[in-house]
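Coordinates as given in coords30.cif (mmCIF, C-alpha atoms):
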```cif
data_coords
loop_
_atom_site.label_atom_id
_atom_site.label_comp_id
_atom_site.auth_asym_id
_atom_site.auth_seq_id
_atom_site.Cartn_x
_atom_site.Cartn_y
_atom_site.Cartn_z
CA MET A 767 0.00 0.00 0.00
CA GLU A 768 1.33 3.41 -0.95
CA ILE A 769 0.95 6.14 1.70
CA LYS A 770 1.71 9.85 1.33
CA PRO A 771 2.44 12.45 4.02
CA VAL A 772 -0.55 14.56 5.03
CA ALA A 773 1.71 16.96 6.96
CA TYR A 774 5.24 17.57 8.25
CA ILE A 775 6.32 18.52 11.76
CA HIS A 776 8.60 21.45 12.62
CA ASN A 777 10.42 22.01 15.89
CA ASP A 778 13.84 22.58 17.48
CA PHE A 779 14.91 18.91 17.46
CA LYS A 780 17.45 18.88 14.68
CA THR A 781 18.88 15.45 15.53
CA LYS A 782 17.50 12.40 17.28
CA PHE A 783 19.68 12.91 20.36
CA ALA A 784 17.67 15.93 21.49
CA VAL A 785 14.32 14.16 21.13
CA PRO A 786 12.68 12.82 24.30
CA ARG A 787 12.75 9.01 24.27
CA GLN A 788 8.98 8.76 24.22
CA SER A 789 6.11 11.09 23.44
CA GLY A 790 3.97 12.82 26.02
CA ILE A 791 6.63 13.35 28.68
CA SER A 792 7.26 17.02 28.02
CA ASP A 793 5.56 20.21 26.99
CA ILE A 794 8.01 20.94 24.22
CA PRO A 795 6.14 22.60 21.34
CA SER A 796 6.05 21.59 17.68
CA THR A 797 4.15 22.88 14.67
CA ILE A 798 2.42 20.51 12.26
CA VAL A 799 2.10 22.00 8.79
CA PHE A 800 -0.42 20.31 6.49
CA GLU A 801 0.32 19.51 2.87
CA LYS A 802 -1.38 21.76 0.30
CA GLU A 803 -4.27 19.42 -0.50
CA TYR A 804 -5.35 19.43 3.17
CA CYS A 805 -4.89 23.18 3.75
CA ASP A 806 -8.56 23.82 4.40
CA GLU A 807 -10.09 24.71 7.78
CA ASN A 808 -12.71 22.01 7.24
CA ALA A 809 -10.10 19.23 7.47
CA VAL A 810 -9.76 19.87 11.23
CA ARG A 811 -13.30 21.12 11.99
CA GLY A 812 -14.11 20.09 15.57
CA ILE A 813 -10.54 19.18 16.53
CA GLU A 814 -10.46 21.78 19.38
CA GLY A 815 -12.85 19.49 21.26
CA PHE A 816 -9.96 17.07 21.83
CA SER A 817 -7.11 17.63 24.28
CA HIS A 818 -4.80 15.04 22.69
CA LEU A 819 -4.08 13.71 19.21
CA TRP A 820 -2.39 10.65 17.73
CA LEU A 821 0.26 11.06 15.07
CA ILE A 822 1.18 8.16 12.79
CA TRP A 823 4.48 9.13 11.24
CA GLY A 824 7.56 7.86 9.41
CA PHE A 825 10.97 7.17 10.94
CA SER A 826 12.47 9.00 7.98
CA GLU A 827 16.06 8.85 9.24
CA ASN A 828 16.01 5.10 9.78
CA ILE A 829 14.81 3.65 6.51
CA ARG A 830 16.60 0.38 5.85
CA GLU A 831 16.08 -2.25 3.23
CA SER A 832 15.67 -5.01 5.78
CA HIS A 833 15.18 -5.19 9.53
CA SER A 834 16.29 -7.59 12.19
CA LEU A 835 13.44 -9.31 14.03
CA THR A 836 15.02 -8.31 17.34
CA VAL A 837 16.27 -5.01 18.76
CA ARG A 838 18.14 -3.92 21.90
CA PRO A 839 16.06 -1.31 23.79
CA PRO A 840 18.19 1.47 25.34
CA ARG A 841 15.98 1.19 28.45
CA LEU A 842 17.46 -2.25 29.09
CA GLY A 843 21.04 -1.04 28.77
CA GLY A 844 21.47 -2.31 25.24
CA ASN A 845 22.36 -5.85 26.30
CA VAL A 846 18.99 -7.55 26.00
CA ARG A 847 17.44 -8.48 22.67
CA LEU A 848 13.65 -8.26 22.40
CA GLY A 849 11.30 -8.85 19.49
CA VAL A 850 10.74 -5.78 17.36
CA PHE A 851 6.95 -6.09 17.92
CA ALA A 852 7.56 -6.05 21.69
CA THR A 853 9.28 -2.64 21.52
CA ARG A 854 8.71 0.84 20.11
CA SER A 855 12.11 0.74 18.40
CA PRO A 856 12.43 2.90 15.26
CA PHE A 857 14.12 0.03 13.44
CA ARG A 858 10.98 -1.82 12.45
CA PRO A 859 9.07 -3.12 9.43
CA ASN A 860 7.25 -0.30 7.58
CA ASN A 861 9.08 2.40 9.62
CA LEU A 862 5.87 3.67 11.22
CA GLY A 863 5.98 5.68 14.45
CA LEU A 864 3.06 6.36 16.80
CA SER A 865 2.92 9.28 19.25
CA SER A 866 0.31 11.05 21.29
CA VAL A 867 0.61 14.81 21.65
CA LYS A 868 -1.28 17.59 23.40
CA LEU A 869 -3.23 19.88 21.08
CA VAL A 870 -2.57 23.56 21.78
CA LYS A 871 -4.32 25.19 18.82
CA SER A 872 -5.20 24.93 15.16
CA GLU A 873 -4.71 27.86 12.83
CA PHE A 874 -5.55 28.65 9.21
CA LYS A 875 -3.57 31.64 7.94
CA ASN A 876 -2.45 32.76 4.49
CA GLY A 877 -3.70 29.52 3.00
CA THR A 878 -1.69 27.34 5.41
CA LEU A 879 -3.27 25.01 7.97
CA THR A 880 -1.18 24.28 11.09
CA LEU A 881 -1.61 22.57 14.43
CA THR A 882 0.50 23.56 17.44
CA VAL A 883 1.11 20.53 19.66
CA ASN A 884 3.14 19.84 22.81
CA GLY A 885 5.14 16.75 23.71
CA ALA A 886 5.99 15.30 20.29
CA ASP A 887 9.02 13.00 20.03
CA LEU A 888 9.53 13.59 16.30
CA ILE A 889 12.60 15.17 14.69
CA ASP A 890 12.16 18.41 12.73
CA GLY A 891 10.90 17.63 9.24
CA THR A 892 9.36 14.23 10.02
CA PRO A 893 6.52 13.23 7.65
CA ILE A 894 3.13 12.54 9.26
CA TYR A 895 0.79 10.03 7.58
CA ASP A 896 -2.27 10.43 9.77
CA ILE A 897 -3.64 12.56 12.61
CA LYS A 898 -6.47 11.15 14.73
CA PRO A 899 -8.22 12.44 17.85
CA TYR A 900 -7.31 10.71 21.13
CA VAL A 901 -10.46 8.97 22.40
CA LYS A 902 -10.13 8.37 26.11
CA TYR A 903 -12.54 5.44 26.55
CA SER A 904 -10.84 3.34 23.90
CA ASP A 905 -7.23 4.61 24.08
CA CYS A 906 -6.54 5.08 27.80
CA HIS A 907 -6.05 1.79 29.66
CA GLU A 908 -5.38 2.77 33.25
CA ASN A 909 -4.65 -0.82 34.27
CA ALA A 910 -2.25 -1.51 31.42
CA VAL A 911 0.98 -3.32 32.24
CA SER A 912 3.90 -2.16 30.13
CA GLY A 913 6.63 -4.72 30.69
CA PHE A 914 10.10 -3.25 30.67
CA ALA A 915 8.75 0.15 29.61
CA ASP A 916 7.05 1.08 32.88
CA SER A 917 7.59 4.69 33.84
CA GLU A 918 9.26 3.96 37.18
CA GLU A 919 12.44 3.12 35.34
CA PHE A 920 13.00 6.64 34.05
CA ASN A 921 16.09 8.41 35.30
CA ILE A 922 15.95 12.21 35.52
CA LEU A 923 19.34 13.93 35.61
CA LYS A 924 20.25 16.92 37.75
CA VAL A 925 21.25 19.74 35.38
CA GLU A 926 23.99 22.28 36.17
CA ILE A 927 24.20 25.27 33.84
CA ASP A 928 25.58 28.83 34.15
CA ASN A 929 22.97 31.50 33.62
CA GLN A 930 25.40 33.16 31.25
CA LEU A 931 25.20 30.12 28.98
CA LEU A 932 21.46 29.63 29.33
CA ASN A 933 20.83 33.27 28.47
CA LYS A 934 22.38 32.79 25.06
CA LEU A 935 19.10 31.11 24.11
CA PRO A 936 15.91 33.03 23.36
CA LYS A 937 13.80 33.18 26.53
CA GLU A 938 11.05 30.87 25.26
CA LYS A 939 13.49 28.06 24.45
CA ARG A 940 15.26 27.87 27.82
CA GLN A 941 12.80 25.63 29.67
CA THR A 942 12.64 23.33 26.66
CA LEU A 943 16.40 22.86 26.72
CA LEU A 944 16.38 22.13 30.46
CA THR A 945 13.71 19.48 29.94
CA ILE A 946 15.74 17.84 27.17
CA LEU A 947 18.87 17.82 29.36
CA GLU A 948 17.03 16.34 32.37
CA ASN A 949 15.88 13.48 30.15
CA ASP A 950 19.46 12.51 29.30
CA PRO A 951 20.23 13.27 25.66
CA ARG A 952 23.28 10.98 25.51
CA PRO A 953 23.36 8.38 22.77
CA ALA A 954 22.10 5.04 24.10
CA TYR A 955 24.53 2.80 25.99
CA GLN A 956 27.11 5.57 26.53
CA ASN A 957 28.40 6.37 29.98
CA ASP A 958 31.78 8.09 29.92
CA SER A 959 32.18 10.86 32.49
CA GLU A 960 35.20 12.30 30.66
CA ARG A 961 33.47 12.66 27.36
CA VAL A 962 32.03 15.96 26.10
CA TYR A 963 28.78 15.17 24.32
CA GLY A 964 27.09 17.53 21.89
CA PHE A 965 23.81 17.91 20.07
CA GLU A 966 21.97 20.41 17.97
CA PHE A 967 19.01 22.25 19.45
CA ALA A 968 17.20 24.98 17.55
CA GLU A 969 20.03 27.05 16.01
CA PHE A 970 22.50 26.15 18.77
CA GLU A 971 25.11 23.54 19.53
CA ILE A 972 24.92 22.29 23.13
CA LYS A 973 28.01 20.72 24.80
CA PHE A 974 27.81 18.79 28.07
CA THR A 975 29.30 16.11 30.29
CA VAL A 976 27.57 13.63 32.59
CA GLU A 977 29.04 12.30 35.80
CA GLY A 978 26.86 9.99 37.83
CA ASN A 979 23.44 11.58 37.96
CA THR A 980 24.59 15.13 37.15
CA LEU A 981 24.70 16.73 33.74
CA LYS A 982 26.97 19.80 33.38
CA VAL A 983 26.53 22.14 30.43
CA LYS A 984 30.00 23.11 29.15
CA ASP A 985 29.15 25.40 26.27
CA ILE A 986 26.34 26.73 24.11
CA TYR A 987 27.00 28.52 20.84
CA ALA A 988 25.09 29.55 17.77
CA LYS A 989 25.89 27.42 14.75
CA MET B 530 6.16 5.37 1.10
CA GLU B 531 5.31 1.75 0.35
CA ILE B 532 4.12 -0.34 3.32
CA LYS B 533 3.43 -4.08 3.40
CA PRO B 534 1.27 -6.09 5.82
CA VAL B 535 3.22 -7.77 8.64
CA ALA B 536 0.15 -9.83 9.59
CA TYR B 537 -3.58 -10.37 8.99
CA ILE B 538 -6.35 -10.61 11.59
CA HIS B 539 -8.91 -13.43 11.74
CA ASN B 540 -12.18 -13.40 13.68
CA ASP B 541 -15.94 -13.80 13.38
CA PHE B 542 -16.64 -10.30 12.04
CA LYS B 543 -17.41 -10.99 8.42
CA THR B 544 -18.88 -7.56 7.68
CA LYS B 545 -18.39 -4.13 9.19
CA PHE B 546 -21.86 -4.10 10.78
CA ALA B 547 -20.87 -6.69 13.37
CA VAL B 548 -17.73 -4.85 14.40
CA PRO B 549 -17.84 -2.78 17.60
CA ARG B 550 -17.67 0.93 16.75
CA GLN B 551 -14.40 1.37 18.60
CA SER B 552 -11.66 -0.90 19.90
CA GLY B 553 -11.25 -1.91 23.51
CA ILE B 554 -14.91 -2.03 24.49
CA SER B 555 -15.33 -5.78 24.36
CA ASP B 556 -13.54 -9.04 25.03
CA ILE B 557 -14.30 -10.47 21.63
CA PRO B 558 -11.31 -12.57 20.52
CA SER B 559 -9.30 -12.35 17.30
CA THR B 560 -6.20 -14.13 16.04
CA ILE B 561 -3.36 -12.22 14.42
CA VAL B 562 -1.40 -14.39 11.98
CA PHE B 563 2.01 -13.08 10.99
CA GLU B 564 3.27 -13.10 7.42
CA LYS B 565 5.90 -15.73 6.62
CA GLU B 566 8.92 -13.45 6.93
CA TYR B 567 7.99 -12.63 10.56
CA CYS B 568 7.08 -16.18 11.59
CA ASP B 569 9.86 -16.48 14.14
CA GLU B 570 9.41 -16.55 17.91
CA ASN B 571 12.09 -13.88 18.22
CA ALA B 572 9.89 -11.27 16.51
CA VAL B 573 7.66 -11.10 19.61
CA ARG B 574 10.23 -11.98 22.31
CA GLY B 575 9.17 -10.15 25.50
CA ILE B 576 5.67 -9.27 24.29
CA GLU B 577 4.00 -11.22 27.17
CA GLY B 578 5.23 -8.45 29.48
CA PHE B 579 2.59 -6.16 27.98
CA SER B 580 -1.14 -6.34 28.69
CA HIS B 581 -2.16 -4.28 25.64
CA LEU B 582 -0.92 -3.75 22.09
CA TRP B 583 -1.43 -1.18 19.36
CA LEU B 584 -2.38 -2.28 15.87
CA ILE B 585 -1.83 0.01 12.87
CA TRP B 586 -3.94 -1.46 10.12
CA GLY B 587 -5.57 -0.78 6.76
CA PHE B 588 -9.24 0.02 6.14
CA SER B 589 -9.14 -2.48 3.29
CA GLU B 590 -12.86 -2.27 2.47
CA ASN B 591 -12.86 1.49 2.17
CA ILE B 592 -10.09 2.29 -0.25
CA ARG B 593 -11.10 5.24 -2.41
CA GLU B 594 -9.14 7.28 -4.86
CA SER B 595 -9.95 10.53 -3.10
CA HIS B 596 -11.43 11.52 0.22
CA SER B 597 -13.59 14.35 1.38
CA LEU B 598 -11.99 16.59 4.01
CA THR B 599 -15.09 16.22 6.19
CA VAL B 600 -17.06 13.22 7.44
CA ARG B 601 -20.35 12.69 9.33
CA PRO B 602 -19.67 10.69 12.51
CA PRO B 603 -22.44 8.15 13.32
CA ARG B 604 -22.12 9.21 16.98
CA LEU B 605 -23.50 12.62 16.02
CA GLY B 606 -26.47 11.17 14.20
CA GLY B 607 -24.98 11.65 10.77
CA ASN B 608 -26.10 15.26 10.45
CA VAL B 609 -22.94 17.06 11.55
CA ARG B 610 -19.86 17.35 9.37
CA LEU B 611 -16.48 17.31 11.12
CA GLY B 612 -12.95 17.42 9.75
CA VAL B 613 -11.57 14.01 8.91
CA PHE B 614 -8.59 14.65 11.24
CA ALA B 615 -11.03 15.37 14.09
CA THR B 616 -12.61 11.91 13.77
CA ARG B 617 -11.60 8.25 13.63
CA SER B 618 -13.65 7.77 10.44
CA PRO B 619 -12.44 4.99 8.11
CA PHE B 620 -12.83 7.33 5.13
CA ARG B 621 -9.51 9.11 5.51
CA PRO B 622 -6.27 9.85 3.69
CA ASN B 623 -3.92 6.81 3.68
CA ASN B 624 -6.69 4.49 5.00
CA LEU B 625 -4.81 3.79 8.24
CA GLY B 626 -6.66 2.50 11.32
CA LEU B 627 -5.38 2.51 14.91
CA SER B 628 -6.69 0.18 17.63
CA SER B 629 -5.58 -0.97 21.03
CA VAL B 630 -6.27 -4.59 21.96
CA LYS B 631 -5.69 -6.82 24.97
CA LEU B 632 -2.97 -9.42 24.51
CA VAL B 633 -4.11 -12.91 25.53
CA LYS B 634 -1.20 -15.02 24.31
CA SER B 635 1.44 -15.48 21.64
CA GLU B 636 2.03 -18.87 20.06
CA PHE B 637 4.55 -20.36 17.64
CA LYS B 638 3.33 -23.66 16.19
CA ASN B 639 4.05 -25.53 12.98
CA GLY B 640 6.07 -22.61 11.67
CA THR B 641 3.25 -20.08 12.20
CA LEU B 642 3.44 -17.18 14.65
CA THR B 643 0.12 -15.95 16.04
CA LEU B 644 -1.14 -13.54 18.71
CA THR B 645 -4.53 -14.00 20.34
CA VAL B 646 -6.02 -10.62 21.26
CA ASN B 647 -9.32 -9.40 22.69
CA GLY B 648 -11.31 -6.30 21.80
CA ALA B 649 -10.23 -5.66 18.20
CA ASP B 650 -12.55 -3.64 15.95
CA LEU B 651 -11.13 -5.03 12.70
CA ILE B 652 -13.04 -7.10 10.13
CA ASP B 653 -11.85 -10.65 9.41
CA GLY B 654 -8.94 -10.54 6.95
CA THR B 655 -7.82 -6.96 7.68
CA PRO B 656 -4.11 -6.33 6.96
CA ILE B 657 -1.98 -5.11 9.86
CA TYR B 658 1.02 -2.87 9.13
CA ASP B 659 2.52 -2.62 12.61
CA ILE B 660 2.13 -4.03 16.11
CA LYS B 661 3.56 -2.06 19.04
CA PRO B 662 3.39 -2.56 22.79
CA TYR B 663 1.06 -0.23 24.71
CA VAL B 664 3.22 1.91 27.00
CA LYS B 665 1.09 3.26 29.80
CA TYR B 666 3.10 6.32 30.79
CA SER B 667 3.10 7.74 27.27
CA ASP B 668 -0.16 6.33 25.85
CA CYS B 669 -2.67 6.61 28.70
CA HIS B 670 -3.85 10.18 29.31
CA GLU B 671 -6.29 9.96 32.16
CA ASN B 672 -7.24 13.62 31.89
CA ALA B 673 -7.81 13.56 28.16
CA VAL B 674 -10.90 15.32 26.82
CA SER B 675 -12.40 13.57 23.80
CA GLY B 676 -14.89 16.01 22.35
CA PHE B 677 -17.94 14.35 20.86
CA ALA B 678 -16.43 10.88 21.39
CA ASP B 679 -16.67 10.76 25.17
CA SER B 680 -17.85 7.38 26.43
CA GLU B 681 -20.93 8.71 28.25
CA GLU B 682 -22.70 8.97 24.92
CA PHE B 683 -22.72 5.23 24.28
CA ASN B 684 -26.12 3.61 24.12
CA ILE B 685 -26.35 -0.05 25.16
CA LEU B 686 -29.41 -1.91 23.87
CA LYS B 687 -31.46 -4.44 25.82
CA VAL B 688 -31.28 -7.74 23.93
CA GLU B 689 -34.18 -10.22 23.72
CA ILE B 690 -33.34 -13.63 22.28
CA ASP B 691 -34.91 -17.10 22.58
CA ASN B 692 -32.56 -19.69 24.02
CA GLN B 693 -33.53 -21.94 21.15
CA LEU B 694 -32.02 -19.44 18.73
CA LEU B 695 -28.97 -18.66 20.83
CA ASN B 696 -28.20 -22.36 21.19
CA LYS B 697 -27.74 -22.69 17.45
CA LEU B 698 -24.35 -21.04 17.99
CA PRO B 699 -21.35 -22.89 19.39
CA LYS B 700 -21.17 -22.27 23.14
CA GLU B 701 -18.04 -20.13 22.99
CA LYS B 702 -19.54 -17.68 20.51
CA ARG B 703 -22.76 -16.89 22.36
CA GLN B 704 -21.47 -14.19 24.69
CA THR B 705 -19.65 -12.57 21.80
CA LEU B 706 -22.87 -12.31 19.81
CA LEU B 707 -24.72 -10.81 22.79
CA THR B 708 -22.00 -8.17 23.16
CA ILE B 709 -22.24 -7.27 19.49
CA LEU B 710 -26.04 -6.97 19.71
CA GLU B 711 -25.90 -4.80 22.86
CA ASN B 712 -23.62 -2.40 21.00
CA ASP B 713 -26.21 -1.84 18.24
CA PRO B 714 -25.08 -3.39 14.97
CA ARG B 715 -27.48 -1.36 12.82
CA PRO B 716 -25.99 0.61 9.96
CA ALA B 717 -25.38 4.21 11.01
CA TYR B 718 -28.31 6.65 10.89
CA GLN B 719 -30.96 3.92 10.60
CA ASN B 720 -33.86 3.78 12.99
CA ASP B 721 -36.84 1.90 11.57
CA SER B 722 -38.67 -0.29 14.10
CA GLU B 723 -40.43 -2.26 11.30
CA ARG B 724 -37.26 -3.21 9.52
CA VAL B 725 -35.58 -6.60 9.89
CA TYR B 726 -31.83 -6.00 9.90
CA GLY B 727 -29.30 -8.72 9.22
CA PHE B 728 -25.56 -9.27 9.47
CA GLU B 729 -23.06 -12.08 9.17
CA PHE B 730 -21.38 -13.36 12.31
CA ALA B 731 -19.01 -16.35 12.23
CA GLU B 732 -20.78 -18.84 9.93
CA PHE B 733 -24.24 -17.51 10.77
CA GLU B 734 -26.73 -14.97 9.53
CA ILE B 735 -28.34 -12.98 12.36
CA LYS B 736 -31.74 -11.29 11.84
CA PHE B 737 -33.12 -8.71 14.28
CA THR B 738 -35.37 -5.71 14.81
CA VAL B 739 -34.90 -2.71 17.10
CA GLU B 740 -37.74 -0.84 18.76
CA GLY B 741 -36.79 1.96 21.09
CA ASN B 742 -34.01 0.64 23.27
CA THR B 743 -34.78 -3.06 22.75
CA LEU B 744 -33.22 -5.34 20.17
CA LYS B 745 -35.17 -8.55 19.36
CA VAL B 746 -33.43 -11.42 17.60
CA LYS B 747 -35.81 -12.83 14.95
CA ASP B 748 -33.75 -15.60 13.46
CA ILE B 749 -30.32 -17.20 13.39
CA TYR B 750 -29.32 -19.67 10.69
CA ALA B 751 -26.17 -21.21 9.31
CA LYS B 752 -25.17 -19.78 5.94
#
```
I need this file expressed as structure tokens, please.
Amino acid sequence: MEIKPVAYIHNDFKTKFAVPRQSGISDIPSTIVFEKEYCDENAVRGIEGFSHLWLIWGFSENIRESHSLTVRPPRLGGNVRLGVFATRSPFRPNNLGLSSVKLVKSEFKNGTLTLTVNGADLIDGTPIYDIKPYVKYSDCHENAVSGFADSEEFNILKVEIDNQLLNKLPKEKRQTLLTILENDPRPAYQNDSERVYGFEFAEFEIKFTVEGNTLKVKDIYAK
Amino acid sequence: MEIKPVAYIHNDFKTKFAVPRQSGISDIPSTIVFEKEYCDENAVRGIEGFSHLWLIWGFSENIRESHSLTVRPPRLGGNVRLGVFATRSPFRPNNLGLSSVKLVKSEFKNGTLTLTVNGADLIDGTPIYDIKPYVKYSDCHENAVSGFADSEEFNILKVEIDNQLLNKLPKEKRQTLLTILENDPRPAYQNDSERVYGFEFAEFEIKFTVEGNTLKVKDIYAK
């Protein structure tokens, strides 16, 4: 079956290392811009009645010809192999991602239809193949058991950063950066307290080290 | 992007009228049979740790060349037009469906890998493009607001059926049929107390009428 993007997402996550590991854990904003054929207010009529939306999207950076049937989830330290259908790994048949996001607003301006959403875990420029309203009675399973992916296992880092560095960012992006840093933007499986890690965020390069449970920001500069 | 089924679902829903309007509201069983290239126990290693799964699937009976940007949800009586991205309507760009189901068991036997799941709202033979574990902390939003699709609006019918008729079905399918009937299997927008409605369930044809809030089963016969 051939599928075509209905929209693309835009945000400050320029590489996968800045993206939260799962959707819904932050209030980091993104803008969804619809493709021309859907740029019509009617396409989203009634959407403000929903607090959350589902995005079905494409892992556009990960497309491979073939996939292994097993993957090593970062949450398990990278040493345990699980079936691809037992994980949310991006390396999967059909390269489809699924994320829930909070709807902030929809806007139709100058012929362009956009949705502002919070909490997406998609890299800037990711194609979106469908947008559906989140329906609580069928989508929210309060008694669900989530195997190795239960939330208790999340580790939040303590972040140390000089105000002088933080103030290099526009005001509205500072809290977003702190949230990303707390959620540990290191590549999976890496734990080297000497190493200076770096990632791209908005128009900036962010440099940091991690020792134990503390992340120290070493430098921030415009690219 | 080209996507290919990873599995097909099999159950007693032979037509869309028997299918519950949304996933997760029943314990009706289905079997997911993986395509040959995924028939390997490793593909689902660890999946038993999860109580629920997501299915991304194709509305295979609804494929149209083009779609309207608005649809008329049955829940609103069929008179109100909403944007396709504000509904879960099957008539949508890319024909992708999204459903959560309860995982009962996975089984690898005679070279075939299957998952037994409860609560699917997919017709027999529907292609599945991805299966992902349900992750409670990112997927379950207890405070979500779901516009017109809030559960309070569901209408459960009172079902009248002679035991003689019900006993024509194999024992294990009787409760399933009662659940389907309670959930009102009439085509959307129809409300004619004189009319005898019919639908296919398992290997049987079911005939019924609805007057007010009561559904009466008129006949059940093997096809």
12 Å contact set for B:Ser629, only C-alpha atoms, chain neighbours under 3 positions out, as a PyMOL selection string: (chain A and resi 900-907+910) or (chain B and resi 551-555+579-586+626+632+646-651+659-665+668-669)
Target residues per the PyMOL selection byres ((chain A and resi 984-987) around 10), formatted as JSON, numbers by chain: {"A": [926, 927, 928, 930, 931, 932, 933, 934, 935, 962, 963, 964, 966, 967, 969, 970, 971, 972, 973, 974, 975, 981, 982, 983, 988, 989]}
Contacts of B:Thr643 at 12 Å (all atoms listed in the file; same-chain gap of 5+ positions) as a VMD selection string: chain B and resid 535 to 539 559 to 565 567 to 570 572 to 573 576 632 to 638
Filtering to C-alpha atoms, could you give me those residues as a CSV table (one decimal), in the coordinates of the input?
```
chain,number,residue,atom,x,y,z
B,535,VAL,CA,3.2,-7.8,8.6
B,536,ALA,CA,0.2,-9.8,9.6
B,537,TYR,CA,-3.6,-10.4,9.0
B,538,ILE,CA,-6.4,-10.6,11.6
B,539,HIS,CA,-8.9,-13.4,11.7
B,559,SER,CA,-9.3,-12.4,17.3
B,560,THR,CA,-6.2,-14.1,16.0
B,561,ILE,CA,-3.4,-12.2,14.4
B,562,VAL,CA,-1.4,-14.4,12.0
B,563,PHE,CA,2.0,-13.1,11.0
B,564,GLU,CA,3.3,-13.1,7.4
B,565,LYS,CA,5.9,-15.7,6.6
B,567,TYR,CA,8.0,-12.6,10.6
B,568,CYS,CA,7.1,-16.2,11.6
B,569,ASP,CA,9.9,-16.5,14.1
B,570,GLU,CA,9.4,-16.6,17.9
B,572,ALA,CA,9.9,-11.3,16.5
B,573,VAL,CA,7.7,-11.1,19.6
B,576,ILE,CA,5.7,-9.3,24.3
B,632,LEU,CA,-3.0,-9.4,24.5
B,633,VAL,CA,-4.1,-12.9,25.5
B,634,LYS,CA,-1.2,-15.0,24.3
B,635,SER,CA,1.4,-15.5,21.6
B,636,GLU,CA,2.0,-18.9,20.1
B,637,PHE,CA,4.6,-20.4,17.6
B,638,LYS,CA,3.3,-23.7,16.2
```
Quick one: which residues end up in the PyMOL selection byres ((chain B and resi 652) around 7) for this structure, as a compact mmCIF listing (two decimals) with C-alpha atoms, in the coordinates of the input?
```
# COMPACT_ATOMS: atom_id res chain seq x y z
CA PHE B 542 -16.64 -10.30 12.04
CA LYS B 543 -17.41 -10.99 8.42
CA THR B 544 -18.88 -7.56 7.68
CA LYS B 545 -18.39 -4.13 9.19
CA VAL B 548 -17.73 -4.85 14.40
CA ASP B 650 -12.55 -3.64 15.95
CA LEU B 651 -11.13 -5.03 12.70
CA ASP B 653 -11.85 -10.65 9.41
CA GLY B 654 -8.94 -10.54 6.95
CA THR B 655 -7.82 -6.96 7.68
```
Å distance separating atom CA of B:Met530 from atom CA of A:Lys770, one decimal place: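 About the pair atom CA of B:Met530 and atom CA of A:Lys770: they are 6.3 Å apart.
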Among the residues B:Gly741, B:Gly575, B:Pro603, B:Pro558, the one that comes closest to B:Lys687 [using all atoms listed in the file]: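 Nearest candidate to B:Lys687 out of B:Gly741, B:Gly575, B:Pro603, B:Pro558: B:Gly741.
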For chain A, the nearest of the candidates B:Ile532, B:Ala547, B:Leu642, B:Ile685, counting all atoms listed in the file: B:Ile532
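Distance annotation: of B:Val674, B:Leu598, B:Ile709, B:Ile557, the residue with the minimal separation from B:Phe620 is B:Leu598; atom set is all atoms listed in the file.
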Using only C-alpha atoms: which of A:Tyr895, A:Val846, A:Gly815, A:Val976 has the shortest distance to A:Pro951: A:Val976
Take stretch 642-649 of chain B from the preceding structure and save N, CA, C and O atoms as a compact mmCIF listing (two decimals), in the first residue's frame.
```
# COMPACT_ATOMS: atom_id res chain seq x y z
N LEU B 642 3.44 -18.03 13.46
CA LEU B 642 3.44 -17.18 14.65
C LEU B 642 2.10 -16.46 14.74
O LEU B 642 1.69 -15.78 13.79
N THR B 643 1.41 -16.62 15.87
CA THR B 643 0.12 -15.95 16.04
C THR B 643 0.06 -15.24 17.39
O THR B 643 0.75 -15.60 18.34
N LEU B 644 -0.78 -14.20 17.45
CA LEU B 644 -1.14 -13.54 18.71
C LEU B 644 -2.65 -13.66 18.87
O LEU B 644 -3.39 -13.38 17.92
N THR B 645 -3.10 -14.06 20.05
CA THR B 645 -4.53 -14.00 20.34
C THR B 645 -4.77 -12.71 21.10
O THR B 645 -4.07 -12.41 22.08
N VAL B 646 -5.73 -11.92 20.63
CA VAL B 646 -6.02 -10.62 21.26
C VAL B 646 -7.52 -10.47 21.47
O VAL B 646 -8.32 -11.08 20.75
N ASN B 647 -7.91 -9.69 22.44
CA ASN B 647 -9.32 -9.40 22.69
C ASN B 647 -9.63 -7.93 22.41
O ASN B 647 -8.79 -7.05 22.65
N GLY B 648 -10.84 -7.69 21.91
CA GLY B 648 -11.31 -6.30 21.80
C GLY B 648 -10.97 -5.60 20.50
O GLY B 648 -11.12 -4.38 20.41
N ALA B 649 -10.55 -6.33 19.47
CA ALA B 649 -10.23 -5.66 18.20
C ALA B 649 -11.49 -5.23 17.46
O ALA B 649 -12.51 -5.91 17.54
```
